[in-house]
Structures are given as C-alpha cells and as structure tokens.
Amino acid sequence: MRRGGGNGVEGLKMLEGFEALRMESQLQCVKAIFSPVSGIVDSHSLMLSLAGEAESNRATFSYNSTVIGGHIEGNHFHLHVIGSKDLKNWDGETPLRPEIILVPKLVVNSAGLGAIALLKRIDGLSNCLVPPAHFARGCYFTLLNTGIPPFEHLVYPIPEDGGLGVHVTLDLDGQVKFGPDVEWIDGIDDRSSFLNKYDYSVSASRADGFYPEIRKYFPNLKDGSLEPGYAGIRPKISGPGQPPADFVIQGEDTHGVPGLVNLLGIESPGLTSSLAIAERVVPRFLK
C-alpha cells in the first residue's frame, strides 16, 4: 500500500478477507489490496500500434540485422552490425567482424534478454558498470474450460523469490491463466542472446508445483484442470535470494560514453512500463 501510494497509484484500498470474498467468491485470503485502476492490455496490438506510429514518424526497422557490439572512437560511439543469417553458424568464439559500422547520435540499448551481452561487447566501456545477468524462465498454465470463469479480476499472491508468485491473469477473451513460476536458468551464451534462441517450452510436469501454490488462494481448483500454456524468460539483474532490482537506465552521466543509453533489467512489467520509460529517456538524453 505504501509503495503503491508513493508511486502515484490511485484508489488503492485495503480489504478484509470477507470484503474480498464479496468481490471474488472463489478467493481465500485474510486481507487483500484492491487496485481499481489495474487491468490488461493486448500486447500484440500495442506493439503493432507503436511500430505503425514509429514508421509514420520516419523510423526505419532493420530486420534480419544483429547489433553485435561497438566501440568508442573520437568521442563518438560506433555500432557494429551484421546480418542475422551470418550468426546462425557462429561457434560463439571466433571474433565477429561487423558488416556495417554506424555512427549514430544516440543509441538506446533496449535489447532485453540480450542487453547485457551487447554491453559486454562494447570496447571502451568499463566492466564495473555492467551488472551480472540472470535469467528466469516463467511458465503459465491455462485453466481448462470450466464454463463460468472463477475470477473476474487479476489476483496476485504475496511475491516470492524472483517473481510475483503464481497469480491469476485473464486474457481479452476471458480465459484464465496461472503463472508464472520461477526457474533459474544458466548457460545463456551470446549467440542465444543475439538470435533469441531460448527454450520457451512448457513441461506438463511443472503443473505439479502449480496446484499447491494456486490452492493457497483458490482452494477449489480441481486436479487435472491445468494444461501447459506458454513461457517467457525474464532478463534479471538480481539473482536467487537477492532483493528484486529496479530498472536501470544508464546514460553518459553514468558511463561516460556520449550517445549511449542502456536499459537493463527491463523484465516484467517492462512492456507495461515501456511508454513511461520512453518519457524518462527522451527528455533526458535526446537533445
């Protein structure tokens, strides 16, 4: 409540368990925080809309091109780019030679899962400014068709280590999903980061860990009612057992490189926050 109020979230209200039960008859809890301004967004439509607006304002998207690093020369930042097809057979050790070198006025490193891998390949940038990269896969399971959905609101349990806990989310069609869990993954190499070659599969066996977590607040969940949904991977800068880290926005005032802005640890809710992040970056660095 204090954090939400301090961040300007309006209308937050603390509910007793019986008050929450009036709103959600399947919910079991002692207390709850109600946020009337929370909701969902069609992420694909949002991205298509942003892409369309960008192109309408003379932006160009360079598909099948991979930024592999950069260097600083003459107080200017140089960006190294190669065709993505040339990375597919890369052994991960042979030095990569750029096919194109760009000298832009401003670079915003918003590469998500690959942001830190890219940062490490910028010659002239101090390693002490590069946070450690941690990756956490989160799986979702879909509630099989049960007629009337058991919930009308998003329901979040108390956050757990590495995530928000297995919560209830609704899509625009009213389908109920539960997730994500937290599975820390190792061995992410630069090639995987550059080509987005991650394992997004969802093992049906992970449902075994979902049932007891969900039943803490939805005790009427029936056995066999969950089926694998989808998975995502979060680019974290805090690891297991560490307190969650806030988004990191690094500019020249931090690392001393003119024209470079790094957006690091932009995990969920990064997409929800994307416009707010842009509002922070543009007036500060685009001059």
# chains A, B, ... in the order shown; residues from 1 in each chain; ligands from 1
call {"tool": "select_by_dssp", "arguments": {"residues": "stretch 58-281 of chain A", "states": "strand (DSSP E)", "output": "ChimeraX atom specification"}}
result
/A:65-73,76-83,100-102,107-109,122-123,134-143,167-170,176-179,183-185,226-236,248-250,260-264
call {"tool": "residues_around", "arguments": {"residues": "A:Pro159", "least_positions_apart": "2", "cutoff": "12 Å", "atoms": "only C-alpha atoms", "output": "PyMOL selection string"}}
result
chain A and resi 155-157+161-167+179-182+213+243-244
call {"tool": "closest_atom_pairs", "arguments": {"of": "stretch 216-277 of chain A", "to": "stretch 41-57 of chain A", "cutoff": "10 Å", "atoms": "only C-alpha atoms", "output": "Markdown table"}}
result
| residue | atom | partner | partner_atom | distance |
| --- | --- | --- | --- | --- |
| A:Leu271 | CA | A:Ser43 | CA | 7.9 |
| A:Thr272 | CA | A:Val41 | CA | 8.2 |
| A:Leu275 | CA | A:Leu50 | CA | 9.8 |
call {"tool": "closest_residue", "arguments": {"among": "A:Ala136, A:Val108, A:Leu27, A:Val67", "to": "A:Pro235", "atoms": "only C-alpha atoms"}}
result
A:Ala136
call {"tool": "atom_distance", "arguments": {"atom1": "atom CA of A:Leu195", "atom2": "atom CA of A:Ile266"}}
result
18.2 Å
call {"tool": "residues_around", "arguments": {"residues": "stretch 170-175 of chain A", "least_positions_apart": "2", "cutoff": "7 Å", "atoms": "only C-alpha atoms", "output": "list of chain:residue names"}}
result
A:Leu154, A:Val168, A:Lys177
call {"tool": "write_last_selection", "arguments": {"atoms": "N, CA, C and O atoms", "output": "PDB file, in the first residue's frame"}}
result
ATOM      1  N   LEU A 154      -7.735  -9.731 -11.810  1.00  0.00           N
ATOM      2  CA  LEU A 154      -6.397 -10.285 -11.638  1.00  0.00           C
ATOM      3  C   LEU A 154      -6.179 -10.500 -10.150  1.00  0.00           C
ATOM      4  O   LEU A 154      -6.525  -9.655  -9.335  1.00  0.00           O
ATOM      5  N   VAL A 168      -3.258 -15.081 -10.909  1.00  0.00           N
ATOM      6  CA  VAL A 168      -4.348 -15.248 -11.871  1.00  0.00           C
ATOM      7  C   VAL A 168      -4.281 -14.116 -12.877  1.00  0.00           C
ATOM      8  O   VAL A 168      -4.247 -12.941 -12.499  1.00  0.00           O
ATOM      9  N   LYS A 177      -5.539 -17.839 -16.841  1.00  0.00           N
ATOM     10  CA  LYS A 177      -4.207 -18.454 -16.827  1.00  0.00           C
ATOM     11  C   LYS A 177      -3.577 -18.223 -15.465  1.00  0.00           C
ATOM     12  O   LYS A 177      -3.869 -17.236 -14.784  1.00  0.00           O
TER      13      LYS A 177
END
call {"tool": "closest_residue", "arguments": {"among": "A:Glu16, A:Glu279, A:Asp91, A:Glu267", "to": "A:Ala111", "atoms": "only C-alpha atoms"}}
result
A:Glu267
call {"tool": "residues_around", "arguments": {"residues": "A:Leu106", "least_positions_apart": "3", "cutoff": "9 Å", "atoms": "only C-alpha atoms", "output": "list in words"}}
result
Phe77, Val103, Pro258, Gly259, Leu260, Val261, Phe285 and Leu286 of chain A
call {"tool": "atom_distance", "arguments": {"atom1": "atom CA of A:His153", "atom2": "atom CA of A:Lys236"}}
result
27.3 Å
call {"tool": "closest_residue", "arguments": {"among": "A:Trp90, A:Thr254, A:Phe141, A:Gly70", "to": "A:Cys128", "atoms": "only C-alpha atoms"}}
result
A:Thr254
